[in-house]
$ cat final-v4.cif   # mmCIF, C-alpha atoms and all ligand atoms; chains and numbers go by the auth columns
data_upload
loop_
_atom_site.group_PDB
_atom_site.id
_atom_site.type_symbol
_atom_site.label_atom_id
_atom_site.label_comp_id
_atom_site.label_asym_id
_atom_site.label_seq_id
_atom_site.Cartn_x
_atom_site.Cartn_y
_atom_site.Cartn_z
_atom_site.B_iso_or_equiv
_atom_site.auth_seq_id
_atom_site.auth_asym_id
ATOM 1 C CA MET A 1 55.407 110.749 123.430 0.00 809 B
ATOM 2 C CA LYS A 2 56.216 113.250 120.677 0.00 810 B
ATOM 3 C CA SER A 3 59.154 114.706 122.630 0.00 811 B
ATOM 4 C CA ASN A 4 60.443 111.174 123.351 0.00 812 B
ATOM 5 C CA MET A 5 60.481 110.406 119.616 0.00 813 B
ATOM 6 C CA HIS A 6 62.254 113.708 119.006 0.00 814 B
ATOM 7 C CA LEU A 7 64.879 112.813 121.601 0.00 815 B
ATOM 8 C CA ILE A 8 65.429 109.356 120.104 0.00 816 B
ATOM 9 C CA THR A 9 65.732 110.798 116.563 0.00 817 B
ATOM 10 C CA THR A 10 68.247 113.414 117.786 0.00 818 B
ATOM 11 C CA ALA A 11 70.264 110.710 119.590 0.00 819 B
ATOM 12 C CA ILE A 12 70.363 108.532 116.448 0.00 820 B
ATOM 13 C CA ILE A 13 71.524 111.489 114.321 0.00 821 B
ATOM 14 C CA ILE A 14 74.279 112.379 116.823 0.00 822 B
ATOM 15 C CA LEU A 15 75.483 108.770 117.115 0.00 823 B
ATOM 16 C CA THR A 16 75.513 108.312 113.315 0.00 824 B
ATOM 17 C CA SER A 17 77.510 111.548 112.903 0.00 825 B
ATOM 18 C CA ILE A 18 80.053 110.470 115.532 0.00 826 B
ATOM 19 C CA PHE A 19 80.449 107.059 113.856 0.00 827 B
ATOM 20 C CA THR A 20 80.856 108.610 110.375 0.00 828 B
ATOM 21 C CA LEU A 21 83.392 111.140 111.671 0.00 829 B
ATOM 22 C CA LYS A 22 85.339 108.378 113.443 0.00 830 B
ATOM 23 C CA CYS A 23 85.499 106.295 110.252 0.00 831 B
ATOM 24 C CA GLN A 24 86.577 109.302 108.179 0.00 832 B
ATOM 25 C CA ASN A 25 89.240 110.248 110.730 0.00 833 B
ATOM 26 C CA GLN A 26 90.570 106.702 110.797 0.00 834 B
ATOM 27 C CA ASN A 27 90.795 106.616 107.004 0.00 835 B
ATOM 28 C CA ASN A 28 92.535 110.006 106.866 0.00 836 B
ATOM 29 C CA MET A 29 94.840 109.064 109.701 0.00 837 B
ATOM 30 C CA GLU A 30 95.883 105.865 107.952 0.00 838 B
ATOM 31 C CA LYS A 31 96.584 107.730 104.742 0.00 839 B
ATOM 32 C CA SER A 32 98.274 110.695 106.384 0.00 840 B
ATOM 33 C CA GLU A 33 100.900 108.450 107.967 0.00 841 B
ATOM 34 C CA PHE A 34 102.294 107.948 104.470 0.00 842 B
ATOM 35 C CA LYS A 35 104.269 110.371 102.382 0.00 843 B
ATOM 36 C CA LYS A 36 103.865 110.258 98.610 0.00 844 B
ATOM 37 C CA ILE A 37 107.201 110.211 96.768 0.00 845 B
ATOM 38 C CA THR A 38 108.324 109.918 93.154 0.00 846 B
ATOM 39 C CA TYR A 39 110.201 106.950 91.710 0.00 847 B
ATOM 40 C CA LYS A 40 113.352 109.125 91.649 0.00 848 B
ATOM 41 C CA GLU A 41 113.163 109.432 95.444 0.00 849 B
ATOM 42 C CA PHE A 42 112.524 105.706 95.939 0.00 850 B
ATOM 43 C CA ASP A 43 115.701 104.414 97.482 0.00 851 B
ATOM 44 C CA GLU A 44 115.311 100.655 97.974 0.00 852 B
ATOM 45 C CA GLU A 45 117.122 97.607 96.641 0.00 853 B
ATOM 46 C CA ALA A 46 114.477 95.824 94.577 0.00 854 B
ATOM 47 C CA ILE A 47 116.029 92.345 94.775 0.00 855 B
ATOM 48 C CA LYS A 48 116.270 92.463 98.556 0.00 856 B
ATOM 49 C CA LEU A 49 112.935 94.208 98.993 0.00 857 B
ATOM 50 C CA ILE A 50 111.005 91.562 97.075 0.00 858 B
ATOM 51 C CA GLY A 51 113.152 88.446 97.300 0.00 859 B
ATOM 52 C CA HIS A 52 114.112 88.737 100.954 0.00 860 B
ATOM 53 C CA ASP A 53 111.639 91.044 102.677 0.00 861 B
ATOM 54 C CA TRP A 54 108.641 89.720 100.693 0.00 862 B
ATOM 55 C CA MET A 55 105.497 91.655 99.901 0.00 863 B
ATOM 56 C CA LEU A 56 101.749 91.382 99.860 0.00 864 B
ATOM 57 C CA VAL A 57 100.075 91.466 96.479 0.00 865 B
ATOM 58 C CA THR A 58 96.554 92.794 96.924 0.00 866 B
ATOM 59 C CA ALA A 59 93.785 93.347 94.414 0.00 867 B
ATOM 60 C CA GLY A 60 90.137 94.195 94.784 0.00 868 B
ATOM 61 C CA LYS A 61 87.896 96.800 96.315 0.00 869 B
ATOM 62 C CA GLN A 62 86.763 97.673 99.806 0.00 870 B
ATOM 63 C CA ASN A 63 85.161 94.565 101.392 0.00 871 B
ATOM 64 C CA ASP A 64 85.915 92.550 98.241 0.00 872 B
ATOM 65 C CA PHE A 65 89.646 92.006 97.954 0.00 873 B
ATOM 66 C CA ASN A 66 92.314 89.381 98.531 0.00 874 B
ATOM 67 C CA MET A 67 95.990 89.453 99.310 0.00 875 B
ATOM 68 C CA MET A 68 98.803 86.919 99.261 0.00 876 B
ATOM 69 C CA THR A 69 102.480 86.942 100.046 0.00 877 B
ATOM 70 C CA ALA A 70 104.835 87.056 97.083 0.00 878 B
ATOM 71 C CA ALA A 71 108.611 86.917 96.790 0.00 879 B
ATOM 72 C CA TRP A 72 108.941 86.672 93.036 0.00 880 B
ATOM 73 C CA GLY A 73 108.837 89.786 90.953 0.00 881 B
ATOM 74 C CA GLY A 74 110.738 92.931 90.212 0.00 882 B
ATOM 75 C CA LEU A 75 110.795 96.671 89.816 0.00 883 B
ATOM 76 C CA GLY A 76 112.149 98.458 86.786 0.00 884 B
ATOM 77 C CA TRP A 77 111.630 100.689 83.815 0.00 885 B
ATOM 78 C CA LEU A 78 109.628 99.674 80.781 0.00 886 B
ATOM 79 C CA TRP A 79 107.676 101.419 78.040 0.00 887 B
ATOM 80 C CA ASN A 80 108.927 104.773 79.433 0.00 888 B
ATOM 81 C CA ARG A 81 107.330 104.115 82.802 0.00 889 B
ATOM 82 C CA PRO A 82 108.318 102.868 86.264 0.00 890 B
ATOM 83 C CA VAL A 83 106.926 99.354 86.506 0.00 891 B
ATOM 84 C CA ALA A 84 106.523 96.429 88.870 0.00 892 B
ATOM 85 C CA TYR A 85 106.132 92.886 87.653 0.00 893 B
ATOM 86 C CA ILE A 86 104.662 90.072 89.674 0.00 894 B
ATOM 87 C CA PHE A 87 103.958 86.367 89.182 0.00 895 B
ATOM 88 C CA VAL A 88 100.742 84.745 90.368 0.00 896 B
ATOM 89 C CA ARG A 89 99.950 81.046 90.014 0.00 897 B
ATOM 90 C CA PRO A 90 96.507 80.337 88.582 0.00 898 B
ATOM 91 C CA GLN A 91 95.323 78.351 91.620 0.00 899 B
ATOM 92 C CA ARG A 92 95.737 81.334 93.981 0.00 900 B
ATOM 93 C CA HIS A 93 92.539 82.972 95.176 0.00 901 B
ATOM 94 C CA THR A 94 94.326 86.287 94.551 0.00 902 B
ATOM 95 C CA PHE A 95 94.458 85.364 90.864 0.00 903 B
ATOM 96 C CA THR A 96 90.678 85.891 90.542 0.00 904 B
ATOM 97 C CA PHE A 97 91.237 89.454 91.756 0.00 905 B
ATOM 98 C CA THR A 98 94.385 90.266 89.770 0.00 906 B
ATOM 99 C CA GLU A 99 92.529 89.109 86.668 0.00 907 B
ATOM 100 C CA ARG A 100 89.387 91.091 87.404 0.00 908 B
ATOM 101 C CA GLU A 101 90.885 94.371 88.609 0.00 909 B
ATOM 102 C CA ASP A 102 92.692 97.130 86.732 0.00 910 B
ATOM 103 C CA TYR A 103 94.959 97.908 89.699 0.00 911 B
ATOM 104 C CA PHE A 104 96.901 95.985 92.316 0.00 912 B
ATOM 105 C CA THR A 105 99.064 97.090 95.223 0.00 913 B
ATOM 106 C CA LEU A 106 102.367 95.818 96.554 0.00 914 B
ATOM 107 C CA THR A 107 102.920 96.425 100.259 0.00 915 B
ATOM 108 C CA PHE A 108 106.160 95.992 102.176 0.00 916 B
ATOM 109 C CA PHE A 109 106.503 95.676 105.951 0.00 917 B
ATOM 110 C CA GLU A 110 108.986 95.849 108.809 0.00 918 B
ATOM 111 C CA GLU A 111 110.699 92.595 109.831 0.00 919 B
ATOM 112 C CA SER A 112 108.283 92.243 112.774 0.00 920 B
ATOM 113 C CA TYR A 113 105.550 91.407 110.228 0.00 921 B
ATOM 114 C CA ARG A 114 107.395 88.332 108.921 0.00 922 B
ATOM 115 C CA SER A 115 105.029 85.856 110.627 0.00 923 B
ATOM 116 C CA ILE A 116 102.024 87.736 109.255 0.00 924 B
ATOM 117 C CA LEU A 117 103.470 87.550 105.740 0.00 925 B
ATOM 118 C CA MET A 118 104.128 83.853 106.304 0.00 926 B
ATOM 119 C CA GLU A 119 100.496 83.364 107.294 0.00 927 B
ATOM 120 C CA MET A 120 99.223 85.277 104.260 0.00 928 B
ATOM 121 C CA GLY A 121 101.503 83.069 102.169 0.00 929 B
ATOM 122 C CA THR A 122 100.250 79.765 103.526 0.00 930 B
ATOM 123 C CA VAL A 123 96.496 80.208 103.933 0.00 931 B
ATOM 124 C CA SER A 124 94.074 80.960 101.136 0.00 932 B
ATOM 125 C CA GLY A 125 91.378 83.600 101.105 0.00 933 B
ATOM 126 C CA ARG A 126 89.078 80.769 100.077 0.00 934 B
ATOM 127 C CA ASP A 127 89.372 79.180 103.546 0.00 935 B
ATOM 128 C CA PHE A 128 90.339 82.157 105.706 0.00 936 B
ATOM 129 C CA ASP A 129 88.714 85.561 106.152 0.00 937 B
ATOM 130 C CA LYS A 130 91.622 87.674 104.883 0.00 938 B
ATOM 131 C CA ILE A 131 89.376 90.756 104.549 0.00 939 B
ATOM 132 C CA ASN A 132 88.864 90.949 108.324 0.00 940 B
ATOM 133 C CA TYR A 133 92.357 89.755 109.267 0.00 941 B
ATOM 134 C CA GLU A 134 93.042 91.239 112.685 0.00 942 B
ATOM 135 C CA HIS A 135 96.683 92.206 112.052 0.00 943 B
ATOM 136 C CA LEU A 136 96.166 94.282 108.903 0.00 944 B
ATOM 137 C CA THR A 137 94.068 97.416 108.455 0.00 945 B
ATOM 138 C CA PRO A 138 92.962 97.922 104.851 0.00 946 B
ATOM 139 C CA PHE A 139 92.533 101.360 103.355 0.00 947 B
ATOM 140 C CA VAL A 140 91.412 102.493 99.925 0.00 948 B
ATOM 141 C CA THR A 141 94.154 103.914 97.707 0.00 949 B
ATOM 142 C CA GLU A 142 93.896 106.813 95.267 0.00 950 B
ATOM 143 C CA TYR A 143 92.871 104.544 92.380 0.00 951 B
ATOM 144 C CA GLY A 144 90.405 102.551 94.467 0.00 952 B
ATOM 145 C CA SER A 145 92.603 99.570 95.245 0.00 953 B
ATOM 146 C CA ILE A 146 93.464 98.282 98.734 0.00 954 B
ATOM 147 C CA ALA A 147 96.631 98.714 100.809 0.00 955 B
ATOM 148 C CA PHE A 148 97.387 98.287 104.518 0.00 956 B
ATOM 149 C CA SER A 149 98.129 100.999 107.041 0.00 957 B
ATOM 150 C CA GLU A 150 100.752 98.809 108.782 0.00 958 B
ATOM 151 C CA ALA A 151 102.920 98.760 105.627 0.00 959 B
ATOM 152 C CA ARG A 152 106.122 100.770 105.425 0.00 960 B
ATOM 153 C CA ILE A 153 105.929 101.051 101.629 0.00 961 B
ATOM 154 C CA VAL A 154 102.926 100.946 99.302 0.00 962 B
ATOM 155 C CA LEU A 155 103.260 100.699 95.529 0.00 963 B
ATOM 156 C CA GLU A 156 99.996 101.207 93.680 0.00 964 B
ATOM 157 C CA CYS A 157 100.135 99.709 90.201 0.00 965 B
ATOM 158 C CA LYS A 158 97.968 99.903 87.106 0.00 966 B
ATOM 159 C CA LYS A 159 97.916 96.709 85.105 0.00 967 B
ATOM 160 C CA LEU A 160 99.477 97.153 81.676 0.00 968 B
ATOM 161 C CA PHE A 161 100.179 93.625 80.538 0.00 969 B
ATOM 162 C CA ALA A 162 99.309 90.091 81.619 0.00 970 B
ATOM 163 C CA THR A 163 100.517 86.842 80.153 0.00 971 B
ATOM 164 C CA THR A 164 100.756 83.204 81.178 0.00 972 B
ATOM 165 C CA LEU A 165 104.314 81.936 81.024 0.00 973 B
ATOM 166 C CA ASN A 166 104.725 79.654 78.047 0.00 974 B
ATOM 167 C CA PRO A 167 106.927 76.589 78.704 0.00 975 B
ATOM 168 C CA ASP A 168 108.151 76.712 75.087 0.00 976 B
ATOM 169 C CA ASP A 169 109.809 80.027 75.871 0.00 977 B
ATOM 170 C CA PHE A 170 112.253 78.687 78.469 0.00 978 B
ATOM 171 C CA THR A 171 115.793 78.983 77.196 0.00 979 B
ATOM 172 C CA ASP A 172 116.888 76.931 80.214 0.00 980 B
ATOM 173 C CA ILE A 173 114.443 74.044 80.392 0.00 981 B
ATOM 174 C CA SER A 174 115.711 72.977 83.824 0.00 982 B
ATOM 175 C CA ILE A 175 113.613 75.833 85.274 0.00 983 B
ATOM 176 C CA ASP A 176 110.472 74.302 83.835 0.00 984 B
ATOM 177 C CA LYS A 177 111.263 70.936 85.423 0.00 985 B
ATOM 178 C CA GLU A 178 112.284 72.460 88.738 0.00 986 B
ATOM 179 C CA ILE A 179 109.545 75.046 89.259 0.00 987 B
ATOM 180 C CA TYR A 180 106.569 73.741 87.296 0.00 988 B
ATOM 181 C CA PRO A 181 106.226 69.960 87.815 0.00 989 B
ATOM 182 C CA ALA A 182 102.462 70.570 88.053 0.00 990 B
ATOM 183 C CA LYS A 183 102.494 72.726 84.888 0.00 991 B
ATOM 184 C CA ASP A 184 100.823 75.528 86.829 0.00 992 B
ATOM 185 C CA TYR A 185 102.595 78.305 84.991 0.00 993 B
ATOM 186 C CA HIS A 186 102.549 81.730 86.570 0.00 994 B
ATOM 187 C CA ILE A 187 100.624 84.606 85.142 0.00 995 B
ATOM 188 C CA MET A 188 102.986 87.536 84.878 0.00 996 B
ATOM 189 C CA TYR A 189 101.501 90.979 85.400 0.00 997 B
ATOM 190 C CA ILE A 190 103.381 94.116 84.518 0.00 998 B
ATOM 191 C CA GLY A 191 101.960 97.155 86.264 0.00 999 B
ATOM 192 C CA GLU A 192 102.813 100.817 85.962 0.00 1000 B
ATOM 193 C CA ILE A 193 103.724 102.226 89.369 0.00 1001 B
ATOM 194 C CA LYS A 194 101.254 105.080 89.747 0.00 1002 B
ATOM 195 C CA ASN A 195 101.861 105.841 93.415 0.00 1003 B
ATOM 196 C CA ILE A 196 104.664 105.281 95.877 0.00 1004 B
ATOM 197 C CA LEU A 197 103.756 105.846 99.540 0.00 1005 B
ATOM 198 C CA ILE A 198 106.330 105.524 102.297 0.00 1006 B
ATOM 199 C CA LYS A 199 106.374 106.146 106.050 0.00 1007 B
HETATM 200 C C1 LIG B . 107.549 83.756 101.055 0.00 1 N
HETATM 201 C C2 LIG B . 106.459 83.377 100.090 0.00 1 N
HETATM 202 C C3 LIG B . 106.509 83.837 98.793 0.00 1 N
HETATM 203 C C4 LIG B . 105.519 83.520 97.865 0.00 1 N
HETATM 204 N N1 LIG B . 105.583 84.007 96.597 0.00 1 N
HETATM 205 C C5 LIG B . 104.593 83.725 95.720 0.00 1 N
HETATM 206 C C6 LIG B . 104.619 84.292 94.406 0.00 1 N
HETATM 207 O O1 LIG B . 105.501 85.108 94.039 0.00 1 N
HETATM 208 N N2 LIG B . 103.627 83.931 93.547 0.00 1 N
HETATM 209 C C7 LIG B . 102.620 83.074 93.896 0.00 1 N
HETATM 210 O O2 LIG B . 101.751 82.756 93.084 0.00 1 N
HETATM 211 N N3 LIG B . 102.568 82.548 95.161 0.00 1 N
HETATM 212 C C8 LIG B . 103.516 82.868 96.067 0.00 1 N
HETATM 213 N N4 LIG B . 103.455 82.376 97.335 0.00 1 N
HETATM 214 C C9 LIG B . 102.343 81.490 97.724 0.00 1 N
HETATM 215 C C10 LIG B . 101.054 82.232 98.100 0.00 1 N
HETATM 216 O O3 LIG B . 101.309 83.360 98.903 0.00 1 N
HETATM 217 C C11 LIG B . 100.118 81.286 98.861 0.00 1 N
HETATM 218 O O4 LIG B . 99.799 80.177 98.042 0.00 1 N
HETATM 219 C C12 LIG B . 98.883 81.933 99.395 0.00 1 N
HETATM 220 O O5 LIG B . 98.319 81.091 100.367 0.00 1 N
HETATM 221 C C13 LIG B . 97.865 82.249 98.323 0.00 1 N
HETATM 222 O O6 LIG B . 96.750 82.836 98.940 0.00 1 N
HETATM 223 P P1 LIG B . 95.374 83.032 98.175 0.00 1 N
HETATM 224 O O7 LIG B . 94.852 81.660 97.775 0.00 1 N
HETATM 225 O O8 LIG B . 94.474 83.681 99.209 0.00 1 N
HETATM 226 O O9 LIG B . 95.646 83.893 97.006 0.00 1 N
HETATM 227 C C14 LIG B . 104.426 82.701 98.270 0.00 1 N
HETATM 228 C C15 LIG B . 104.366 82.230 99.591 0.00 1 N
HETATM 229 C C16 LIG B . 105.364 82.580 100.501 0.00 1 N
HETATM 230 C C17 LIG B . 105.281 82.087 101.928 0.00 1 N
#
$ encode --input "final-v4.cif" --output "structure tokens" --more "lines below"
Ligand SMILES: Cc1cc2nc3c(=O)[nH]c(=O)nc-3n(C[C@H](O)[C@H](O)[C@H](O)COP(=O)(O)O)c2cc1C
Amino acid sequence: MKSNMHLITTAIIILTSIFTLKCQNQNNMEKSEFKKITYKEFDEEAIKLIGHDWMLVTAGKQNDFNMMTAAWGGLGWLWNRPVAYIFVRPQRHTFTFTEREDYFTLTFFEESYRSILMEMGTVSGRDFDKINYEHLTPFVTEYGSIAFSEARIVLECKKLFATTLNPDDFTDISIDKEIYPAKDYHIMYIGEIKNILIK
């Protein structure tokens, strides 16, 4: 009886160790596929990258995050820092996370991921389990945000500034009429690019 218990305890310890090691390896493997570069080495056309290729905006922590597809935004230089700016409508589930978190990530994918980006841009995390989405493998970034191992580029950003677009500030009011008939003005976030990971 005693030796049986001993055997069972040993088996549980071995199995737990194997599982932990497997998880650690997977996490390391996902991260090690990426190379960290500086903004000076980042050689992409921002307009095409965001406007044509699209991106996922993700905010949150492990097991408590949300992502959505975005095609509006930019990359540039502001306040002596490399920055990314994104626009999130207030009704998006992602908005809860971009508001709550200090960091967000932007992830860019190969063309073969277009349908996945389309799906993440048409369903909401309120109705769909985006956390366990079968086509994307989340990993935790250096600053504790979430990115995806399938991405070809990851930008990890620290929120610096957030503001809701004010309709009074349009110098061309046709944009207001065209884009905001529901008056659901975007929240613009400006984030400092803290990490650039590429494959
Ligand atoms: C190509 C494409 C680009 C999009 N760009 C944006 C964007 O820049 N900002 C935004 O608020 N929504 C954008 N959306 C809409 C959101 O991705 C979409 O409403 C999504 O379902 C929101 O998911 P969520 O509720 O889980 O946050 C875009 C959708 C697509 C398909």
$ residues_near_point --input "final-v4.cif" --point "(92.0, 98.1, 103.2)" --cutoff "10 Å" --atoms "all atoms listed in the file" --output "ChimeraX atom specification"
/B:835,838,866,868-874,939-940,944-949,952-957
$ closest_residue --input "final-v4.cif" --among "B:Glu1000, B:Glu849, B:Glu841, B:Asp861" --to "ligand LIG 1 (chain N)" --atoms "only C-alpha atoms and all ligand atoms"
B:Asp861
$ closest_residue --input "final-v4.cif" --among "B:Leu857, B:Arg934, B:Tyr951, B:Ala970" --to "Arg908 of chain B" --atoms "only C-alpha atoms"
B:Ala970
$ residues_near_ligand --input "final-v4.cif" --ligand "ligand LIG 1 (chain N)" --cutoff "6 Å" --atoms "all atoms listed in the file" --output "ChimeraX atom specification"
/B:875-880,895-897,900-902,926,928-933
$ closest_residue --input "final-v4.cif" --among "B:Leu963, B:His994, B:Asp980, B:Gly881" --to "Lys843 of chain B" --atoms "all atoms listed in the file"
B:Leu963
$ build_atoms --input "final-v4.cif" --residues "segment 859-890 of chain B" --atoms "N, CA and C atoms" --output "short mmCIF file (atom, residue, chain, number, x, y, z; two decimals), in the frame of the given file"
data_model
loop_
_atom_site.label_atom_id
_atom_site.label_comp_id
_atom_site.auth_asym_id
_atom_site.auth_seq_id
_atom_site.Cartn_x
_atom_site.Cartn_y
_atom_site.Cartn_z
N GLY B 859 112.68 89.83 97.10
CA GLY B 859 113.15 88.45 97.30
C GLY B 859 113.39 88.08 98.75
N HIS B 860 113.82 89.04 99.55
CA HIS B 860 114.11 88.74 100.95
C HIS B 860 113.03 89.23 101.90
N ASP B 861 112.62 90.48 101.73
CA ASP B 861 111.64 91.04 102.68
C ASP B 861 110.23 90.51 102.42
N TRP B 862 109.96 90.18 101.16
CA TRP B 862 108.64 89.72 100.69
C TRP B 862 107.64 90.89 100.65
N MET B 863 106.52 90.61 100.04
CA MET B 863 105.50 91.66 99.90
C MET B 863 104.12 91.01 99.90
N LEU B 864 103.12 91.83 100.09
CA LEU B 864 101.75 91.38 99.86
C LEU B 864 101.30 91.92 98.51
N VAL B 865 100.74 91.05 97.71
CA VAL B 865 100.08 91.47 96.48
C VAL B 865 98.59 91.49 96.80
N THR B 866 97.98 92.64 96.57
CA THR B 866 96.55 92.79 96.92
C THR B 866 95.80 93.35 95.72
N ALA B 867 94.64 92.78 95.46
CA ALA B 867 93.78 93.35 94.41
C ALA B 867 92.33 93.24 94.86
N GLY B 868 91.56 94.20 94.43
CA GLY B 868 90.14 94.20 94.78
C GLY B 868 89.70 95.54 95.33
N LYS B 869 88.48 95.56 95.81
CA LYS B 869 87.90 96.80 96.32
C LYS B 869 87.55 96.62 97.79
N GLN B 870 87.13 97.72 98.39
CA GLN B 870 86.76 97.67 99.81
C GLN B 870 85.76 96.53 100.03
N ASN B 871 86.02 95.72 101.05
CA ASN B 871 85.16 94.56 101.39
C ASN B 871 85.07 93.49 100.31
N ASP B 872 85.91 93.57 99.29
CA ASP B 872 85.92 92.55 98.24
C ASP B 872 87.32 92.49 97.61
N PHE B 873 88.27 92.04 98.43
CA PHE B 873 89.65 92.01 97.95
C PHE B 873 90.33 90.75 98.48
N ASN B 874 91.51 90.48 97.98
CA ASN B 874 92.31 89.38 98.53
C ASN B 874 93.78 89.73 98.40
N MET B 875 94.54 89.22 99.35
CA MET B 875 95.99 89.45 99.31
C MET B 875 96.71 88.14 99.54
N MET B 876 97.93 88.08 99.02
CA MET B 876 98.80 86.92 99.26
C MET B 876 100.25 87.42 99.32
N THR B 877 101.05 86.63 99.98
CA THR B 877 102.48 86.94 100.05
C THR B 877 103.14 86.55 98.73
N ALA B 878 104.08 87.38 98.30
CA ALA B 878 104.84 87.06 97.08
C ALA B 878 106.30 87.44 97.28
N ALA B 879 107.17 86.65 96.70
CA ALA B 879 108.61 86.92 96.79
C ALA B 879 109.26 86.88 95.42
N TRP B 880 108.42 86.69 94.41
CA TRP B 880 108.94 86.67 93.04
C TRP B 880 108.39 87.88 92.30
N GLY B 881 109.27 88.60 91.69
CA GLY B 881 108.84 89.79 90.95
C GLY B 881 109.98 90.76 90.82
N GLY B 882 109.68 91.94 90.39
CA GLY B 882 110.74 92.93 90.21
C GLY B 882 110.18 94.32 90.02
N LEU B 883 111.12 95.26 90.05
CA LEU B 883 110.80 96.67 89.82
C LEU B 883 111.74 97.16 88.73
N GLY B 884 111.26 97.98 87.84
CA GLY B 884 112.15 98.46 86.79
C GLY B 884 111.52 99.54 85.95
N TRP B 885 112.01 99.61 84.73
CA TRP B 885 111.63 100.69 83.82
C TRP B 885 111.28 100.06 82.48
N LEU B 886 110.07 100.30 82.03
CA LEU B 886 109.63 99.67 80.78
C LEU B 886 108.59 100.57 80.12
N TRP B 887 108.64 100.64 78.81
CA TRP B 887 107.68 101.42 78.04
C TRP B 887 107.62 102.87 78.55
N ASN B 888 108.78 103.39 78.92
CA ASN B 888 108.93 104.77 79.43
C ASN B 888 108.19 105.02 80.74
N ARG B 889 108.06 103.99 81.53
CA ARG B 889 107.33 104.12 82.80
C ARG B 889 108.04 103.33 83.90
N PRO B 890 107.87 103.73 85.17
CA PRO B 890 108.32 102.87 86.26
C PRO B 890 107.32 101.72 86.40
#
